[in-house]
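Working notes, structure below.
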Amino acid sequence: MSENKQDNIPKVISIVGPTASGKTSLGIALAKKLAERGIRAEIINADAYQMYRYMDIGTAKASAQEQAEVPHYLLDIIDPEETMTVARFQVLARQCISELQSRGVRPILVGGSGLYARAAVDDITFPGTDESIRAALEEREHKEGASALFDELQQKDPVAAAHMDARNPRRTIRALEVIELTGKPYSATLPKYKYVIDCVQIGLDLRREDLDKRVDLRTQIMREQGFVDEVRAIRGRLGVTASRALGYQQIMDYLDGVWREDEAFADIAQKTRRLARKQMGWFGRDARIHWLDALRLDLAEAALAIVDAADAGEFDCNSSDATEHATQHHLGDAFEA
């Protein structure tokens, strides 16, 4: 029996939205609301960087007190030297969902990493990699030039090529690698807006000016909580992937004397505001998300009402007006190893 046919198992709740929108707080509040009804609900982290140990302040990880109030999973599961990929996360998240449901616990996915949140519940497969194929393509790119490889991609998969940047050889190489590995067009492997695990998504929405204020406040709190000391303590352990977490490079640059502390935190705030707007664009492509004003006073009650409606079958959680073209946004990003 497929996962989305198990009508006796309550839908996974997924809380999405931009950074600083209050997802963690809503997840905890919703779990408590369900507990008042005698329903156990626990949180699965779907934020890419919160899976790394020791990266607490910079990733706005749930505090020890918050984790004590409601159990959290997939936090602090790998060291900063290691690499987390969306394919690896998908396996871990689905195992966690299954384990919680087997114990009668309702999973609440919480995270701002859009592809991670979708990978847990959506019809998404991740092609593998082949170092020899990739090396051969990279050698061709060096000898023949990026345009030659892009011309080949246009012939083999015009749909993919139409939505990719010819000036980005890394993604062209990945697309050609997948085509050679799978024997299928790269575009055929793109994520589909279709649940394979029953789910109801709740999105947190804010006006741009309100979101910017929240980002600025979060950045200030990070500074006050000792973000500089956190980075100083782990900078020698940050691997290639972990070091991409927003803010860590800015603080390392500050520690190296590249700029002043005020300048580093100003840059963090600016880039976080930019990221938050991009996140809203990513989530906005998914017509299945039920949006709520993040500042409404009855936010938890409103979220619970959406969950109740989904449970009662008042709307088809898997219906979406999103077209295949909407998934083209993920070309190149979705399946990089």
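Residue names in the structure tokens use chain letters A, B, ... in the order shown, residue numbers from 1 in each chain, and ligand numbers from 1 in the order shown.
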Could you pull out the alpha helix (DSSP H) residues of segment 151-255 of chain A, going by DSSP on the backbone, and write them as an MDAnalysis selection string? chainID A and resid 151:156 158:162 169:182 208:225 227:234 248:255
Distance query Leu304 of chain A at most 9 Å, only C-alpha atoms, self and fewer than 5 positions along chain excluded, as JSON, numbers by chain: {"A": [30, 33, 34, 299, 309]}
Can I get the selection written as a PDB file, in the first residue's frame, with all heavy atoms?
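Writing the result to out_14.pdb gives the following:
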ATOM      1  N   LEU A  30       1.722  24.657  17.904  1.00  0.00           N
ATOM      2  CA  LEU A  30       0.771  23.723  17.298  1.00  0.00           C
ATOM      3  C   LEU A  30       0.851  22.359  17.979  1.00  0.00           C
ATOM      4  O   LEU A  30      -0.177  21.712  18.225  1.00  0.00           O
ATOM      5  CB  LEU A  30       1.054  23.602  15.803  1.00  0.00           C
ATOM      6  CG  LEU A  30       0.008  22.868  14.951  1.00  0.00           C
ATOM      7  CD1 LEU A  30      -1.378  23.456  15.149  1.00  0.00           C
ATOM      8  CD2 LEU A  30       0.416  22.934  13.474  1.00  0.00           C
ATOM      9  N   LYS A  33      -1.060  22.634  21.127  1.00  0.00           N
ATOM     10  CA  LYS A  33      -2.506  22.640  20.879  1.00  0.00           C
ATOM     11  C   LYS A  33      -3.016  21.216  20.650  1.00  0.00           C
ATOM     12  O   LYS A  33      -4.082  20.840  21.147  1.00  0.00           O
ATOM     13  CB  LYS A  33      -2.827  23.516  19.659  1.00  0.00           C
ATOM     14  CG  LYS A  33      -2.658  25.007  19.880  1.00  0.00           C
ATOM     15  CD  LYS A  33      -3.800  25.566  20.711  1.00  0.00           C
ATOM     16  CE  LYS A  33      -3.680  27.068  20.864  1.00  0.00           C
ATOM     17  NZ  LYS A  33      -4.730  27.606  21.773  1.00  0.00           N
ATOM     18  N   LEU A  34      -2.262  20.450  19.894  1.00  0.00           N
ATOM     19  CA  LEU A  34      -2.662  19.068  19.642  1.00  0.00           C
ATOM     20  C   LEU A  34      -2.583  18.245  20.926  1.00  0.00           C
ATOM     21  O   LEU A  34      -3.420  17.369  21.173  1.00  0.00           O
ATOM     22  CB  LEU A  34      -1.767  18.461  18.552  1.00  0.00           C
ATOM     23  CG  LEU A  34      -2.001  19.015  17.142  1.00  0.00           C
ATOM     24  CD1 LEU A  34      -0.877  18.584  16.201  1.00  0.00           C
ATOM     25  CD2 LEU A  34      -3.347  18.565  16.584  1.00  0.00           C
ATOM     26  N   LEU A 299      -2.514  32.884  15.635  1.00  0.00           N
ATOM     27  CA  LEU A 299      -1.814  32.104  14.613  1.00  0.00           C
ATOM     28  C   LEU A 299      -1.934  30.598  14.854  1.00  0.00           C
ATOM     29  O   LEU A 299      -2.249  29.842  13.932  1.00  0.00           O
ATOM     30  CB  LEU A 299      -0.335  32.513  14.568  1.00  0.00           C
ATOM     31  CG  LEU A 299       0.534  31.811  13.531  1.00  0.00           C
ATOM     32  CD1 LEU A 299       0.007  32.055  12.120  1.00  0.00           C
ATOM     33  CD2 LEU A 299       1.981  32.296  13.633  1.00  0.00           C
ATOM     34  N   ALA A 309      -9.295  21.006   8.922  1.00  0.00           N
ATOM     35  CA  ALA A 309      -9.974  20.970   7.625  1.00  0.00           C
ATOM     36  C   ALA A 309      -9.346  19.926   6.716  1.00  0.00           C
ATOM     37  O   ALA A 309     -10.037  19.198   5.994  1.00  0.00           O
ATOM     38  CB  ALA A 309      -9.928  22.351   6.973  1.00  0.00           C
TER      39      ALA A 309
END
Name the residues of segment 184-303 of chain A that come out as strand (DSSP E) in a backbone DSSP run; write them as a PyMOL selection string. chain A and resi 192-195+199-205+290-293
Can you build me a table of segment 79-197 of chain A residues sitting at most 7 Å from segment 224-240 of chain A, with the closest atom pair per residue and its distance in Å to one decimal, using only C-alpha atoms, sorted by chain and residue number, as a Markdown table?
| residue | atom | partner | partner_atom | distance |
| --- | --- | --- | --- | --- |
| A:Pro80 | CA | A:Leu238 | CA | 4.9 |
| A:Glu81 | CA | A:Gly239 | CA | 4.3 |
| A:Glu82 | CA | A:Gly239 | CA | 6.4 |
So that I can see what lies close to Lys11 of chain A, please list as a PyMOL selection string the residues with an atom at most 12 Å from it, counting only C-alpha atoms and leaving out residues fewer than 2 positions away in the same chain. chain A and resi 3-9+13-14+41+97-98+101+104-109+121+195-201+306-313+316-318
So that I have them on file, write out the residues from the current selection with C-alpha atoms, as a PDB file, in the first residue's frame.
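The file below, selection14.pdb, is the result:
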ATOM      1  CA  GLU A   3       2.115   5.888   1.756  1.00  0.00           C
ATOM      2  CA  ASN A   4      -0.450   8.374   0.546  1.00  0.00           C
ATOM      3  CA  LYS A   5      -3.169   5.698   0.655  1.00  0.00           C
ATOM      4  CA  GLN A   6      -2.861   5.101   4.377  1.00  0.00           C
ATOM      5  CA  ASP A   7      -5.961   7.013   5.320  1.00  0.00           C
ATOM      6  CA  ASN A   8      -5.792   5.875   8.933  1.00  0.00           C
ATOM      7  CA  ILE A   9      -2.502   7.705   9.458  1.00  0.00           C
ATOM      8  CA  ILE A  13       2.044  18.814   9.053  1.00  0.00           C
ATOM      9  CA  SER A  14       4.678  20.908   7.294  1.00  0.00           C
ATOM     10  CA  ALA A  41       2.975  15.707  17.959  1.00  0.00           C
ATOM     11  CA  ILE A  97       8.267  10.197   9.801  1.00  0.00           C
ATOM     12  CA  SER A  98       7.603   6.465   9.610  1.00  0.00           C
ATOM     13  CA  GLN A 101       3.789   7.498  12.965  1.00  0.00           C
ATOM     14  CA  GLY A 104       1.161   7.181  17.110  1.00  0.00           C
ATOM     15  CA  VAL A 105       3.018  10.493  17.050  1.00  0.00           C
ATOM     16  CA  ARG A 106       2.044  13.144  14.514  1.00  0.00           C
ATOM     17  CA  PRO A 107       5.117  14.569  12.727  1.00  0.00           C
ATOM     18  CA  ILE A 108       5.439  18.318  12.244  1.00  0.00           C
ATOM     19  CA  LEU A 109       8.073  19.253   9.662  1.00  0.00           C
ATOM     20  CA  VAL A 121       7.008  14.280   1.430  1.00  0.00           C
ATOM     21  CA  TYR A 195       2.781  14.131  -2.177  1.00  0.00           C
ATOM     22  CA  VAL A 196       3.913  10.547  -1.657  1.00  0.00           C
ATOM     23  CA  ILE A 197       3.345  11.028   2.076  1.00  0.00           C
ATOM     24  CA  ASP A 198       0.036  12.609   3.103  1.00  0.00           C
ATOM     25  CA  CYS A 199       0.781  16.170   4.125  1.00  0.00           C
ATOM     26  CA  VAL A 200      -0.797  19.538   4.836  1.00  0.00           C
ATOM     27  CA  GLN A 201       1.440  22.561   4.358  1.00  0.00           C
ATOM     28  CA  ILE A 306      -6.262  24.312   8.608  1.00  0.00           C
ATOM     29  CA  VAL A 307      -5.073  20.981   9.982  1.00  0.00           C
ATOM     30  CA  ASP A 308      -8.615  20.091  11.055  1.00  0.00           C
ATOM     31  CA  ALA A 309      -9.974  20.970   7.625  1.00  0.00           C
ATOM     32  CA  ALA A 310      -7.321  18.845   5.933  1.00  0.00           C
ATOM     33  CA  ASP A 311      -8.053  15.935   8.245  1.00  0.00           C
ATOM     34  CA  ALA A 312     -11.759  16.252   7.497  1.00  0.00           C
ATOM     35  CA  GLY A 313     -11.081  16.093   3.766  1.00  0.00           C
ATOM     36  CA  ASP A 316      -7.475  17.998  -1.585  1.00  0.00           C
ATOM     37  CA  CYS A 317      -4.043  18.477  -0.091  1.00  0.00           C
ATOM     38  CA  ASN A 318      -2.386  17.043  -3.167  1.00  0.00           C
TER      39      ASN A 318
END
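With atom CA of Ala146 of chain A on one side and atom CA of Ile173 of chain A on the other, the separation reads 8.9 Å.
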Just want the 8 Å neighbourhood of Ala245 of chain A, counted on only C-alpha atoms, with same-chain residues fewer than 3 positions away dropped. Output as an mmCIF file with N, CA, C and O atoms, in the first residue's frame.
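Here's the written file result-v2.cif:
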data_model
loop_
_atom_site.group_PDB
_atom_site.id
_atom_site.type_symbol
_atom_site.label_atom_id
_atom_site.label_comp_id
_atom_site.auth_asym_id
_atom_site.auth_seq_id
_atom_site.Cartn_x
_atom_site.Cartn_y
_atom_site.Cartn_z
ATOM 1 N N TYR A 49 20.914 23.563 7.580
ATOM 2 C CA TYR A 49 22.083 23.833 8.402
ATOM 3 C C TYR A 49 21.878 23.543 9.884
ATOM 4 O O TYR A 49 22.843 23.428 10.633
ATOM 5 N N GLY A 58 23.977 30.816 14.827
ATOM 6 C CA GLY A 58 23.925 31.272 13.434
ATOM 7 C C GLY A 58 22.806 30.674 12.625
ATOM 8 O O GLY A 58 22.384 31.252 11.613
ATOM 9 N N THR A 59 22.287 29.513 13.046
ATOM 10 C CA THR A 59 21.193 28.873 12.313
ATOM 11 C C THR A 59 19.854 29.061 13.012
ATOM 12 O O THR A 59 18.842 28.532 12.540
ATOM 13 N N THR A 241 30.359 22.469 2.871
ATOM 14 C CA THR A 241 28.913 22.681 2.899
ATOM 15 C C THR A 241 28.490 23.508 4.090
ATOM 16 O O THR A 241 27.739 24.483 3.965
ATOM 17 N N ALA A 242 28.966 23.166 5.284
ATOM 18 C CA ALA A 242 28.570 23.889 6.493
ATOM 19 C C ALA A 242 28.979 25.353 6.435
ATOM 20 O O ALA A 242 28.264 26.234 6.928
ATOM 21 N N TYR A 248 28.344 32.803 8.630
ATOM 22 C CA TYR A 248 29.600 32.248 9.129
ATOM 23 C C TYR A 248 30.811 32.824 8.399
ATOM 24 O O TYR A 248 31.835 33.131 9.020
ATOM 25 N N GLN A 249 30.720 32.981 7.083
ATOM 26 C CA GLN A 249 31.843 33.548 6.351
ATOM 27 C C GLN A 249 32.064 35.009 6.728
ATOM 28 O O GLN A 249 33.211 35.468 6.842
#
With a distance cut-off of 9 Å and only C-alpha atoms, select the neighbouring residues of Gln279 of chain A, excluding the residue or stretch itself and same-chain residues fewer than 2 positions from it, and output the selection as a list in words.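 Non-adjacent residues within range: Gly17, Pro18, Thr19, Gly112, Ser113, Gly114, Arg274, Leu275, Ala276, Arg277, Gly281, Trp282, Phe283 and Gly284 of chain A.
Atom CA of Lys278 of chain A to atom CA of Leu206 of chain A spans 13.3 Å [interatomic distance, one decimal].
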Can you tell me how far atom CA of Leu115 of chain A sits from atom CA of Val86 of chain A, in Å to one decimal?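 About the pair atom CA of Leu115 of chain A and atom CA of Val86 of chain A: they are 7.4 Å apart.
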For segment 156-160 of chain A, work out the shell of residues within 7 Å, counting only C-alpha atoms and skipping chain neighbours fewer than 3 positions away, then give it as a ChimeraX atom specification. /A:152-153,163-164,185-187
Between A:Met222, A:Leu211, A:Leu176, A:Leu297, which has the minimum distance to Asp56 of chain A (counting only C-alpha atoms)?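 Comparing A:Met222, A:Leu211, A:Leu176, A:Leu297 against Asp56 of chain A, the winner is A:Met222.
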I need the residue nearest Gln154 of chain A from this list: A:Ala46, A:Arg103, A:Thr172, A:Phe126. Use only C-alpha atoms for the distance.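 For Gln154 of chain A, the nearest of the given residues is A:Thr172.
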